[in-house]
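*Asks:* Data file coords.tsv (TSV, C-alpha atoms (C1' of nucleotides)) is appended below.
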```
chain	number	residue	atom	x	y	z
O	21	MET	CA	52.24	-189.96	64.47
O	22	ASN	CA	54.71	-192.04	62.54
O	23	LYS	CA	57.91	-193.54	63.85
O	24	ALA	CA	59.99	-190.59	62.81
O	25	GLN	CA	57.75	-188.29	64.77
O	26	SER	CA	57.66	-190.14	68.03
O	27	PRO	CA	59.73	-188.49	70.71
O	28	ALA	CA	63.42	-189.14	70.97
O	29	THR	CA	63.65	-191.89	68.44
O	30	ALA	CA	67.27	-190.88	68.15
O	31	PHE	CA	68.12	-192.40	71.50
O	32	ARG	CA	66.29	-195.66	70.96
O	33	GLU	CA	66.87	-198.67	68.78
O	34	HIS	CA	64.93	-198.17	65.62
O	35	ASN	CA	64.89	-198.90	61.95
O	36	HIS	CA	66.81	-195.90	60.83
O	37	GLN	CA	66.42	-196.79	57.19
O	38	SER	CA	62.70	-196.23	57.44
O	39	CYS	CA	62.92	-193.38	59.91
O	40	ARG	CA	65.06	-191.58	57.37
O	41	GLY	CA	62.72	-192.49	54.56
O	42	ASP	CA	59.70	-191.21	56.45
O	43	VAL	CA	61.21	-187.81	56.97
O	44	LEU	CA	62.42	-187.54	53.42
O	45	GLN	CA	59.00	-188.52	52.14
O	46	ALA	CA	57.35	-185.92	54.35
O	47	ALA	CA	59.80	-183.35	53.06
O	48	ASP	CA	58.99	-184.20	49.46
O	49	ARG	CA	55.28	-183.95	50.13
O	50	LEU	CA	55.75	-180.65	51.92
O	51	ALA	CA	57.84	-179.28	49.10
O	52	SER	CA	55.34	-180.09	46.41
O	53	GLU	CA	52.43	-178.82	48.49
O	54	ALA	CA	54.10	-175.57	49.41
O	55	GLY	CA	55.77	-175.04	46.08
O	56	LEU	CA	59.23	-175.23	47.59
O	57	ARG	CA	62.04	-176.06	45.23
O	58	LEU	CA	63.73	-179.00	46.88
O	59	THR	CA	66.52	-179.05	44.32
O	60	PRO	CA	69.23	-181.73	44.14
O	61	VAL	CA	71.74	-179.96	46.43
O	62	ARG	CA	69.05	-179.18	48.93
O	63	ARG	CA	67.59	-182.63	48.92
O	64	ARG	CA	71.00	-184.21	49.14
O	65	THR	CA	71.85	-181.92	52.04
O	66	LEU	CA	68.77	-183.10	53.86
O	67	GLU	CA	69.73	-186.71	53.16
O	68	ILE	CA	73.18	-186.08	54.56
O	69	LEU	CA	71.70	-184.65	57.74
O	70	LEU	CA	69.45	-187.68	57.97
O	71	GLU	CA	72.23	-190.21	57.68
O	72	GLU	CA	72.74	-190.21	61.43
O	73	HIS	CA	70.96	-188.70	64.38
O	74	ARG	CA	73.72	-186.21	64.82
O	75	ALA	CA	74.22	-182.57	64.18
O	76	LEU	CA	76.71	-181.82	61.44
O	77	GLY	CA	78.81	-178.72	60.94
O	78	ALA	CA	78.42	-176.87	57.68
O	79	TYR	CA	81.87	-177.95	56.55
O	80	GLN	CA	81.15	-181.61	57.20
O	81	VAL	CA	78.06	-181.27	55.04
O	82	LEU	CA	80.10	-179.41	52.45
O	83	ASP	CA	82.67	-182.20	52.21
O	84	ARG	CA	80.00	-184.74	51.46
O	85	LEU	CA	78.31	-182.49	48.94
O	86	ALA	CA	81.64	-181.96	47.20
O	87	ASP	CA	82.16	-185.74	47.10
O	88	ASP	CA	78.85	-186.00	45.31
O	89	GLY	CA	79.91	-183.51	42.67
O	90	PHE	CA	78.32	-180.38	44.04
O	91	GLY	CA	80.21	-177.17	44.65
O	92	LYS	CA	83.20	-177.19	46.93
O	93	GLN	CA	82.88	-173.75	48.54
O	94	PRO	CA	81.25	-172.88	51.87
O	95	PRO	CA	78.29	-170.93	50.49
O	96	VAL	CA	77.07	-174.08	48.75
O	97	ALA	CA	76.50	-175.78	52.07
O	98	TYR	CA	75.40	-172.69	53.96
O	99	ARG	CA	72.81	-171.83	51.38
O	100	ALA	CA	71.33	-175.28	51.25
O	101	LEU	CA	71.25	-175.42	55.04
O	102	GLU	CA	69.69	-171.99	55.24
O	103	PHE	CA	66.98	-173.07	52.85
O	104	LEU	CA	66.22	-176.15	54.91
O	105	VAL	CA	66.15	-174.16	58.14
O	106	GLU	CA	63.94	-171.44	56.73
O	107	ASN	CA	61.48	-173.99	55.48
O	108	GLY	CA	61.39	-176.01	58.65
O	109	LEU	CA	63.19	-179.04	57.25
O	110	ALA	CA	66.24	-178.61	59.45
O	111	HIS	CA	67.29	-176.75	62.56
O	112	ARG	CA	70.40	-174.91	63.54
O	113	ILE	CA	71.79	-175.86	66.90
O	114	GLY	CA	73.40	-172.77	68.33
O	115	ARG	CA	75.30	-174.55	71.03
O	116	LEU	CA	77.18	-176.60	68.48
O	117	ASN	CA	77.27	-174.31	65.47
O	118	ALA	CA	75.76	-177.24	63.69
O	119	PHE	CA	72.68	-178.42	61.87
O	120	ALA	CA	70.27	-181.31	62.23
O	121	ALA	CA	67.38	-182.52	60.13
O	122	CYS	CA	63.95	-181.73	61.47
O	123	MET	CA	62.23	-184.90	62.59
O	124	GLN	CA	58.73	-183.43	62.49
O	125	PRO	CA	58.68	-181.57	59.20
O	126	GLY	CA	55.41	-179.79	58.64
O	127	VAL	CA	54.34	-180.10	62.24
O	128	ALA	CA	54.34	-176.71	63.88
O	129	HIS	CA	56.65	-176.86	66.82
O	130	ALA	CA	59.47	-175.17	68.60
O	131	PRO	CA	62.51	-177.31	68.14
O	132	THR	CA	63.63	-178.79	71.43
O	133	PHE	CA	66.93	-180.60	71.37
O	134	PHE	CA	68.60	-183.02	73.66
O	135	ILE	CA	72.27	-183.12	72.85
O	136	CYS	CA	74.36	-185.94	74.26
O	137	SER	CA	77.78	-184.61	75.11
O	138	THR	CA	79.23	-188.12	75.04
O	139	CYS	CA	78.08	-189.49	71.69
O	140	ASP	CA	77.02	-186.22	70.05
O	141	GLY	CA	73.61	-187.71	69.35
O	142	VAL	CA	70.80	-185.23	68.92
O	143	ALA	CA	67.18	-185.96	69.68
O	144	GLU	CA	64.37	-183.64	68.84
O	145	THR	CA	61.17	-183.95	70.80
O	146	PRO	CA	57.90	-182.11	70.44
O	147	ALA	CA	58.00	-180.83	74.06
O	148	PHE	CA	55.06	-178.51	73.63
O	149	ASP	CA	55.02	-177.76	77.33
O	150	VAL	CA	58.39	-176.19	77.05
O	151	SER	CA	57.58	-173.96	74.13
O	152	ASP	CA	54.24	-173.01	75.64
O	153	ALA	CA	55.97	-172.02	78.85
O	154	LEU	CA	58.49	-169.94	76.96
O	155	GLU	CA	55.83	-168.24	74.89
O	156	PHE	CA	53.93	-167.47	78.07
O	157	ALA	CA	57.01	-166.07	79.76
O	158	GLY	CA	57.44	-163.82	76.74
O	159	ASP	CA	53.87	-162.58	76.97
O	160	GLN	CA	54.43	-161.65	80.59
O	161	ILE	CA	57.08	-159.13	79.65
O	162	GLY	CA	55.48	-158.00	76.42
O	163	PHE	CA	58.04	-159.73	74.24
O	164	ARG	CA	56.81	-160.97	70.89
O	165	VAL	CA	58.47	-164.32	70.33
O	166	GLU	CA	59.27	-165.12	66.73
O	167	ARG	CA	61.60	-168.07	66.97
O	168	MET	CA	62.85	-170.15	69.83
O	169	ASN	CA	65.82	-172.33	70.42
O	170	ILE	CA	65.64	-174.76	73.23
O	171	GLU	CA	68.62	-176.95	73.87
O	172	ALA	CA	69.58	-179.29	76.68
O	173	VAL	CA	73.06	-180.72	76.94
O	174	GLY	CA	73.59	-183.87	78.95
O	175	THR	CA	73.82	-187.62	78.68
O	176	CYS	CA	71.55	-189.84	76.64
O	177	PRO	CA	70.14	-193.10	78.06
O	178	SER	CA	72.57	-195.33	76.21
O	179	CYS	CA	75.66	-193.36	77.24
O	180	GLN	CA	74.43	-193.39	80.84
O	181	ARG	CA	74.40	-197.16	80.63
O	182	ASP	CA	77.89	-197.35	79.16
O	183	VAL	CA	79.52	-195.20	81.80
O	184	PRO	CA	77.14	-195.37	84.74
O	185	LYS	CA	78.22	-192.07	86.26
V	214	MET	CA	64.49	-160.01	94.86
V	215	ASN	CA	66.30	-156.79	94.01
V	216	LYS	CA	65.81	-154.65	90.97
V	217	ALA	CA	68.46	-156.41	88.97
V	218	GLN	CA	66.77	-159.72	89.59
V	219	SER	CA	63.25	-158.82	88.63
V	220	PRO	CA	62.25	-160.24	85.29
V	221	ALA	CA	63.12	-158.47	82.08
V	222	THR	CA	64.49	-155.31	83.59
V	223	ALA	CA	66.40	-155.00	80.37
V	224	PHE	CA	63.27	-154.06	78.43
V	225	ARG	CA	61.99	-151.55	80.95
V	226	GLU	CA	63.06	-148.09	82.02
V	227	HIS	CA	65.28	-148.49	85.00
V	228	ASN	CA	68.20	-147.03	86.83
V	229	HIS	CA	70.89	-148.91	85.03
V	230	GLN	CA	73.61	-147.42	87.17
V	231	SER	CA	72.24	-149.20	90.19
V	232	CYS	CA	71.13	-152.31	88.33
V	233	ARG	CA	74.72	-152.69	87.22
V	234	GLY	CA	76.02	-151.98	90.69
V	235	ASP	CA	73.73	-154.57	92.24
V	236	VAL	CA	74.96	-157.31	89.99
V	237	LEU	CA	78.58	-156.37	90.45
V	238	GLN	CA	78.14	-156.32	94.19
V	239	ALA	CA	76.50	-159.74	94.12
V	240	ALA	CA	79.39	-161.01	92.04
V	241	ASP	CA	81.94	-159.67	94.51
V	242	ARG	CA	80.13	-161.27	97.39
V	243	LEU	CA	79.85	-164.56	95.55
V	244	ALA	CA	83.52	-164.49	94.67
V	245	SER	CA	84.68	-163.95	98.23
V	246	GLU	CA	82.26	-166.53	99.59
V	247	ALA	CA	83.17	-169.19	97.05
V	248	GLY	CA	86.85	-168.37	96.95
V	249	LEU	CA	86.72	-167.41	93.29
V	250	ARG	CA	89.50	-165.21	92.06
V	251	LEU	CA	87.66	-162.35	90.45
V	252	THR	CA	90.87	-160.78	89.13
V	253	PRO	CA	91.08	-157.39	87.39
V	254	VAL	CA	90.60	-158.71	83.83
V	255	ARG	CA	87.73	-160.87	84.92
V	256	ARG	CA	86.03	-158.17	86.92
V	257	ARG	CA	86.52	-155.66	84.13
V	258	THR	CA	85.08	-158.15	81.66
V	259	LEU	CA	81.99	-158.48	83.79
V	260	GLU	CA	81.72	-154.68	84.00
V	261	ILE	CA	81.95	-154.45	80.23
V	262	LEU	CA	79.14	-156.96	79.83
V	263	LEU	CA	77.11	-154.96	82.31
V	264	GLU	CA	77.50	-151.66	80.53
V	265	GLU	CA	74.43	-152.33	78.42
V	266	HIS	CA	71.74	-154.97	78.37
V	267	ARG	CA	73.19	-156.47	75.26
V	268	ALA	CA	75.17	-159.52	74.35
V	269	LEU	CA	78.69	-158.76	73.23
V	270	GLY	CA	80.93	-160.81	71.00
V	271	ALA	CA	84.26	-161.90	72.41
V	272	TYR	CA	86.11	-159.52	70.11
V	273	GLN	CA	84.04	-156.55	71.20
V	274	VAL	CA	84.92	-157.38	74.77
V	275	LEU	CA	88.53	-157.84	73.77
V	276	ASP	CA	88.71	-154.39	72.18
V	277	ARG	CA	87.54	-152.75	75.35
V	278	LEU	CA	89.89	-154.80	77.49
V	279	ALA	CA	92.78	-153.79	75.25
V	280	ASP	CA	91.76	-150.13	75.60
V	281	ASP	CA	92.05	-150.59	79.33
V	282	GLY	CA	95.56	-151.91	79.07
V	283	PHE	CA	94.88	-155.62	79.22
V	284	GLY	CA	96.12	-158.10	76.64
V	285	LYS	CA	95.18	-157.62	73.01
V	286	GLN	CA	94.85	-161.25	71.92
V	287	PRO	CA	91.67	-163.31	71.69
V	288	PRO	CA	92.46	-165.77	74.48
V	289	VAL	CA	92.48	-162.90	76.95
V	290	ALA	CA	88.81	-162.26	76.34
V	291	TYR	CA	87.82	-165.89	75.84
V	292	ARG	CA	89.43	-166.93	79.08
V	293	ALA	CA	87.84	-164.22	81.13
V	294	LEU	CA	84.48	-164.97	79.55
V	295	GLU	CA	84.92	-168.68	80.12
V	296	PHE	CA	85.66	-168.03	83.78
V	297	LEU	CA	82.54	-165.92	84.14
V	298	VAL	CA	80.38	-168.49	82.39
V	299	GLU	CA	81.75	-171.40	84.41
V	300	ASN	CA	81.08	-169.58	87.61
V	301	GLY	CA	77.60	-168.48	86.70
V	302	LEU	CA	78.43	-164.79	86.35
V	303	ALA	CA	77.75	-164.68	82.64
V	304	HIS	CA	76.06	-166.74	79.95
V	305	ARG	CA	76.94	-167.63	76.43
V	306	ILE	CA	74.19	-167.04	73.92
V	307	GLY	CA	74.57	-169.68	71.27
V	308	ARG	CA	72.33	-168.01	68.75
V	309	LEU	CA	74.55	-164.96	68.64
V	310	ASN	CA	77.94	-166.39	69.44
V	311	ALA	CA	77.98	-163.78	72.14
V	312	PHE	CA	78.02	-163.30	75.88
V	313	ALA	CA	75.86	-161.51	78.41
V	314	ALA	CA	76.24	-160.88	82.11
V	315	CYS	CA	74.11	-163.02	84.37
V	316	MET	CA	71.44	-160.91	86.01
V	317	GLN	CA	70.78	-163.39	88.82
V	318	PRO	CA	74.24	-164.40	89.94
V	319	GLY	CA	74.16	-166.97	92.66
V	320	VAL	CA	70.54	-167.85	92.10
V	321	ALA	CA	70.25	-171.33	90.67
V	322	HIS	CA	68.45	-171.08	87.39
V	323	ALA	CA	68.46	-172.14	83.80
V	324	PRO	CA	69.23	-169.06	81.79
V	325	THR	CA	66.29	-168.06	79.64
V	326	PHE	CA	66.92	-165.30	77.16
V	327	PHE	CA	64.74	-163.00	75.17
V	328	ILE	CA	66.76	-161.55	72.36
V	329	CYS	CA	65.37	-158.57	70.48
V	330	SER	CA	66.33	-158.85	66.85
V	331	THR	CA	65.76	-155.14	66.34
V	332	CYS	CA	67.79	-153.53	69.12
V	333	ASP	CA	69.90	-156.53	70.10
V	334	GLY	CA	68.74	-156.14	73.68
V	335	VAL	CA	68.91	-159.24	75.81
V	336	ALA	CA	66.70	-159.91	78.80
V	337	GLU	CA	67.19	-162.79	81.15
V	338	THR	CA	64.22	-164.00	83.13
V	339	PRO	CA	63.94	-166.71	85.74
V	340	ALA	CA	61.23	-168.61	83.77
V	341	PHE	CA	61.31	-171.64	86.03
V	342	ASP	CA	58.29	-173.11	84.25
V	343	VAL	CA	60.31	-173.37	81.12
V	344	SER	CA	63.29	-175.09	82.64
V	345	ASP	CA	61.06	-177.38	84.68
V	346	ALA	CA	59.22	-178.39	81.54
V	347	LEU	CA	62.47	-179.07	79.76
V	348	GLU	CA	63.84	-181.10	82.64
V	349	PHE	CA	60.63	-183.09	82.70
V	350	ALA	CA	60.75	-183.70	78.97
V	351	GLY	CA	64.27	-185.02	79.47
V	352	ASP	CA	63.16	-187.39	82.21
V	353	GLN	CA	60.52	-188.80	79.90
V	354	ILE	CA	63.12	-190.03	77.47
V	355	GLY	CA	65.74	-190.95	80.07
V	356	PHE	CA	68.01	-188.09	79.18
V	357	ARG	CA	70.06	-186.65	82.02
V	358	VAL	CA	70.06	-182.90	81.54
V	359	GLU	CA	73.23	-181.16	82.64
V	360	ARG	CA	72.91	-177.73	81.14
V	361	MET	CA	70.22	-175.98	79.20
V	362	ASN	CA	70.08	-173.12	76.81
V	363	ILE	CA	66.77	-171.48	76.23
V	364	GLU	CA	66.59	-168.63	73.81
V	365	ALA	CA	63.73	-166.77	72.20
V	366	VAL	CA	64.31	-164.36	69.34
V	367	GLY	CA	61.70	-161.72	68.64
V	368	THR	CA	60.77	-158.14	69.31
V	369	CYS	CA	60.96	-156.40	72.66
V	370	PRO	CA	58.14	-154.16	73.90
V	371	SER	CA	59.89	-150.94	73.08
V	372	CYS	CA	60.78	-151.95	69.53
V	373	GLN	CA	57.19	-153.10	68.99
V	374	ARG	CA	56.12	-149.58	69.87
V	375	ASP	CA	58.62	-147.95	67.53
V	376	VAL	CA	57.62	-150.00	64.48
V	377	PRO	CA	54.13	-151.23	65.29
V	378	LYS	CA	54.32	-154.36	63.15
Y	107	DT	C1'	111.71	-167.77	100.67
Y	108	DC	C1'	110.79	-171.51	97.76
Y	109	DG	C1'	108.28	-174.19	94.75
Y	110	DA	C1'	103.95	-175.47	92.77
Y	111	DT	C1'	99.94	-173.64	90.71
Y	112	DT	C1'	97.26	-170.35	88.53
Y	113	DT	C1'	96.82	-166.51	85.74
Y	114	DT	C1'	98.09	-163.53	82.02
Y	115	DG	C1'	100.06	-162.69	77.80
Y	116	DT	C1'	101.87	-163.95	73.11
Y	117	DT	C1'	102.15	-166.23	68.44
Y	118	DA	C1'	100.06	-169.03	65.40
Y	119	DT	C1'	96.38	-171.40	63.46
Y	120	DG	C1'	91.91	-173.53	63.04
Y	121	DA	C1'	86.87	-173.36	62.46
Y	122	DT	C1'	82.76	-171.02	61.18
Y	123	DA	C1'	80.35	-167.76	58.17
Y	124	DT	C1'	79.22	-164.28	54.61
Y	125	DA	C1'	79.84	-160.59	50.84
Y	126	DA	C1'	80.08	-159.92	46.09
Y	127	DC	C1'	79.79	-161.26	41.62
Y	128	DA	C1'	79.56	-164.53	37.28
Y	129	DT	C1'	77.02	-168.24	35.30
Y	130	DT	C1'	73.41	-171.39	34.82
Y	131	DT	C1'	68.76	-173.10	35.44
Y	132	DC	C1'	63.99	-172.60	35.67
Y	133	DA	C1'	59.22	-171.25	35.23
Y	134	DA	C1'	55.75	-168.23	33.57
Y	135	DG	C1'	53.96	-165.12	30.17
Y	136	DA	C1'	54.04	-163.45	25.29
D	276	DT	C1'	58.29	-172.17	21.72
D	277	DC	C1'	60.72	-168.33	22.70
D	278	DT	C1'	61.83	-164.73	25.79
D	279	DT	C1'	62.90	-162.95	29.95
D	280	DG	C1'	63.26	-162.06	34.73
D	281	DA	C1'	63.94	-164.40	39.00
D	282	DA	C1'	66.00	-167.95	41.50
D	283	DA	C1'	69.64	-171.04	42.19
D	284	DT	C1'	74.41	-172.47	41.86
D	285	DG	C1'	79.12	-171.80	41.80
D	286	DT	C1'	83.46	-169.11	42.50
D	287	DT	C1'	86.88	-165.97	44.85
D	288	DA	C1'	87.91	-163.51	48.59
D	289	DT	C1'	87.46	-162.15	53.17
D	290	DA	C1'	85.29	-161.56	57.68
D	291	DT	C1'	84.30	-163.42	62.13
D	292	DC	C1'	84.65	-166.58	65.96
D	293	DA	C1'	87.62	-169.74	68.74
D	294	DT	C1'	91.49	-172.45	70.59
D	295	DA	C1'	96.23	-174.83	70.86
D	296	DA	C1'	100.69	-174.29	72.63
D	297	DC	C1'	104.03	-172.10	75.07
D	298	DA	C1'	106.57	-168.19	77.92
D	299	DA	C1'	106.43	-164.96	81.60
D	300	DA	C1'	104.44	-163.12	85.66
D	301	DA	C1'	101.61	-163.20	89.79
D	302	DT	C1'	99.78	-165.75	93.71
D	303	DC	C1'	99.56	-168.82	97.56
D	304	DG	C1'	100.73	-172.22	100.79
D	305	DA	C1'	104.48	-174.80	103.02
```
Could you express the structure from this file as structure tokens?
*Replies:*
Amino acid sequence: MNKAQSPATAFREHNHQSCRGDVLQAADRLASEAGLRLTPVRRRTLEILLEEHRALGAYQVLDRLADDGFGKQPPVAYRALEFLVENGLAHRIGRLNAFAACMQPGVAHAPTFFICSTCDGVAETPAFDVSDALEFAGDQIGFRVERMNIEAVGTCPSCQRDVPK
Amino acid sequence: MNKAQSPATAFREHNHQSCRGDVLQAADRLASEAGLRLTPVRRRTLEILLEEHRALGAYQVLDRLADDGFGKQPPVAYRALEFLVENGLAHRIGRLNAFAACMQPGVAHAPTFFICSTCDGVAETPAFDVSDALEFAGDQIGFRVERMNIEAVGTCPSCQRDVPK
DNA sequence: TCGATTTTGTTATGATATAACATTTCAAGA
DNA sequence: TCTTGAAATGTTATATCATAACAAAATCGA
């Protein structure tokens, strides 16, 4: 497990330069292996999501894409984001109507997010227990689970320190 | 545990008339105990959500409220829905930008939803394992969980029968 | 009853998302 | 290498979801 894959890197001091690079590299590898077309807009979109450990709205992404000379209309961003989500390179966070890069690309997992309501930081952890439990709960009622969305809103360690309740 | 509270009633044959009544009754009791003002718009909004085991968008709710002589503008619905959500009588489903009545009002729980992508049915189950696991995962990284949102999208038992994969 | 507070309603606007279609790019087979 | 169909990109236009700001009415306690 590399640095980018260890749990909750987002909320800890880390070399973000390399964390970002790791994910991007994994995405490139994945793309060439799976025959995905990680085109310039798509790759740039992923880079944008990776710039910070935060979820970005589609229009924030769009602004940056436009700055870089890509199209200026909403579908440009939505399509790139949709591609990334469908191919497991990013996740949509329902609670925020926003998107975040996947920190474990290629590793099968149900995305589990911890969203800090103070700093808007987003951490993604493997949390297999959680997804297993949800899958099991589905089985119990005969529900075939296809996708899951697990989100916790609260306060991250660093924001707890800043304003100690 | 009454009928309305048993897991995944939504996906089973049941007397919806009474299931609805049970929840409404529990809401009334809760309101008088906690001093909540379950006013006409708010109560009607809850009734509307209870009419089917589906999540409704705010504008769908608004249309029905308007038909009943309440205000015709978005804030009317959003405010009533917000009140219900804040007081645990309804939940917002991020994935759908929609709202569903809480089927276990007054019972402390993290809402766990099973959303059928075929029929749009929504079941809420207690699934304590899931929320416990999520809470635990939060502890591990020092994240203080305040609210959670757990959603699974897939196919409900009855829709699996109709179109057997 | 009076005054403060909450609730309801309105207008106006902001934020998020997609449909439909034209143009360009790309990759695979002839 | 040329052709051609599919995929990707870009545009316009519009749909859908959500809230800010303020006025009027209802409610509740002193």
*Asks:* Here is a test: counting all atoms listed in the file, which residue of V:Asn228, V:Thr222, V:Gln238, V:Gln273 is nearest to chain O?
*Replies:*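 Checking each of V:Asn228, V:Thr222, V:Gln238, V:Gln273 against chain O, counting all atoms listed in the file, the winner is V:Thr222.
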*Asks:* So what do you get for CA of Cys332 (chain V) versus CA of Leu294 (chain V), distance-wise?
*Replies:*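 Computed distance, CA of Cys332 (chain V) to CA of Leu294 (chain V), equals 22.8 Å.
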*Asks:* Could you please select, counting only C-alpha atoms (C1' of nucleotides), the residues of chain Y within 12 Å of chain V and state them as an NGL selection string?
*Replies:* :Y and (112-118 or 122-123)
*Asks:* For Ala336 (chain V), work out the shell of residues within 10 Å, counting all atoms listed in the file and skipping chain neighbours fewer than 5 positions away, then give it as a ChimeraX atom specification.
*Replies:* /O:161,163 /V:220-225,266-268,313,315-316,324-329,365,369
*Asks:* Contacts from chain D to chain V, 10 Å maximum, only C-alpha atoms (C1' of nucleotides): show me the residue list as a tab-separated table (two decimals) with C-alpha atoms (C1' of nucleotides), in the coordinates of the input.
*Replies:*
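Saved file result.tsv follows:
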```tsv
chain	number	residue	atom	x	y	z
D	291	DT	C1'	84.30	-163.42	62.13
D	292	DC	C1'	84.65	-166.58	65.96
D	293	DA	C1'	87.62	-169.74	68.74
D	294	DT	C1'	91.49	-172.45	70.59
```
*Asks:* Determine, using only C-alpha atoms, which residues of chain V have any atom at most 7 Å from an atom of chain O, and tabulate each with its shortest atom pair and distance in Å to one decimal place, rows ordered by chain and then rising number, as CSV.
*Replies:*
```
residue,atom,partner,partner_atom,distance
V:Ala221,CA,O:Ile161,CA,6.5
V:Gly307,CA,O:Gly114,CA,4.4
V:Arg308,CA,O:Gly114,CA,4.9
V:Ala340,CA,O:Ala157,CA,6.4
V:Asp342,CA,O:Ala153,CA,6.0
V:Val343,CA,O:Ala153,CA,5.1
V:Ala346,CA,O:Val150,CA,5.1
V:Leu347,CA,O:Val150,CA,5.7
V:Ala350,CA,O:Ala147,CA,6.3
V:Ile354,CA,O:Ala28,CA,6.6
V:Gly355,CA,O:Pro177,CA,5.3
V:Phe356,CA,O:Cys176,CA,4.7
V:Arg357,CA,O:Thr175,CA,5.1
V:Val358,CA,O:Gly174,CA,4.5
V:Glu359,CA,O:Gly174,CA,4.6
V:Arg360,CA,O:Val173,CA,5.2
V:Met361,CA,O:Ala172,CA,4.2
V:Asn362,CA,O:Glu171,CA,5.0
V:Ile363,CA,O:Ile170,CA,4.6
V:Glu364,CA,O:Asn169,CA,5.1
V:Ala365,CA,O:Met168,CA,4.2
V:Val366,CA,O:Arg167,CA,5.2
V:Gly367,CA,O:Val165,CA,4.5
V:Thr368,CA,O:Arg164,CA,5.1
V:Cys369,CA,O:Phe163,CA,4.7
V:Pro370,CA,O:Gly162,CA,5.3
```
*Asks:* List every protein, DNA or RNA residue that has an atom no more than 10 Å from (81.2, -166.9, 40.8) in the file's coordinate frame, counting only C-alpha atoms (C1' of nucleotides), and report them as a PyMOL selection string.
*Replies:* (chain Y and resi 126-129) or (chain D and resi 284-287)
*Asks:* State, in Å with one decimal place, the distance from CA of Arg40 (chain O) to CA of Leu66 (chain O).
*Replies:*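 Interatomic distance here is 9.9 Å.
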*Asks:* Using all atoms listed in the file, determine which residues lie at most 12 Å from DA134 (chain Y), disregarding the query and same-chain residues fewer than 6 positions distant; provide the list as a VMD selection string.
*Replies:* chain D and resid 277 to 281
*Asks:* Could you check how far CA of Leu249 (chain V) sits from CA of Val274 (chain V), in Å to one decimal?
*Replies:*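 According to the coordinates, CA of Leu249 (chain V) and CA of Val274 (chain V) are separated by 21.1 Å.
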*Asks:* Please return the centre and edge lengths, in Å to one decimal, of a box with edges along x, y and z that contains all listed atoms of region 38-45 of chain O, widened by 4 Å on every side, as AutoDock Vina command-line options.
*Replies:*
```
--center_x 62.0 --center_y -191.9 --center_z 56.0 --size_x 14.1 --size_y 16.7 --size_z 15.8
```
*Asks:* Between V:Glu226, V:Asp276, V:Leu297, V:Asp235, which has the minimum distance to Arg256 (chain V) (counting all atoms listed in the file)?
*Replies:*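 Checking each of V:Glu226, V:Asp276, V:Leu297, V:Asp235 against Arg256 (chain V), counting all atoms listed in the file, the winner is V:Leu297.
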*Asks:* Write out as a CSV table (one decimal) with C-alpha atoms (C1' of nucleotides), keeping the file's coordinate frame each polymer residue whose atoms come within 10 Å of DA125 (chain Y), counting all atoms listed in the file; drop sequence neighbours fewer than 4 positions from it.
*Replies:*
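Everything below was put into part31.csv:
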```csv
chain,number,residue,atom,x,y,z
D,288,DA,C1',87.9,-163.5,48.6
D,289,DT,C1',87.5,-162.2,53.2
D,290,DA,C1',85.3,-161.6,57.7
```
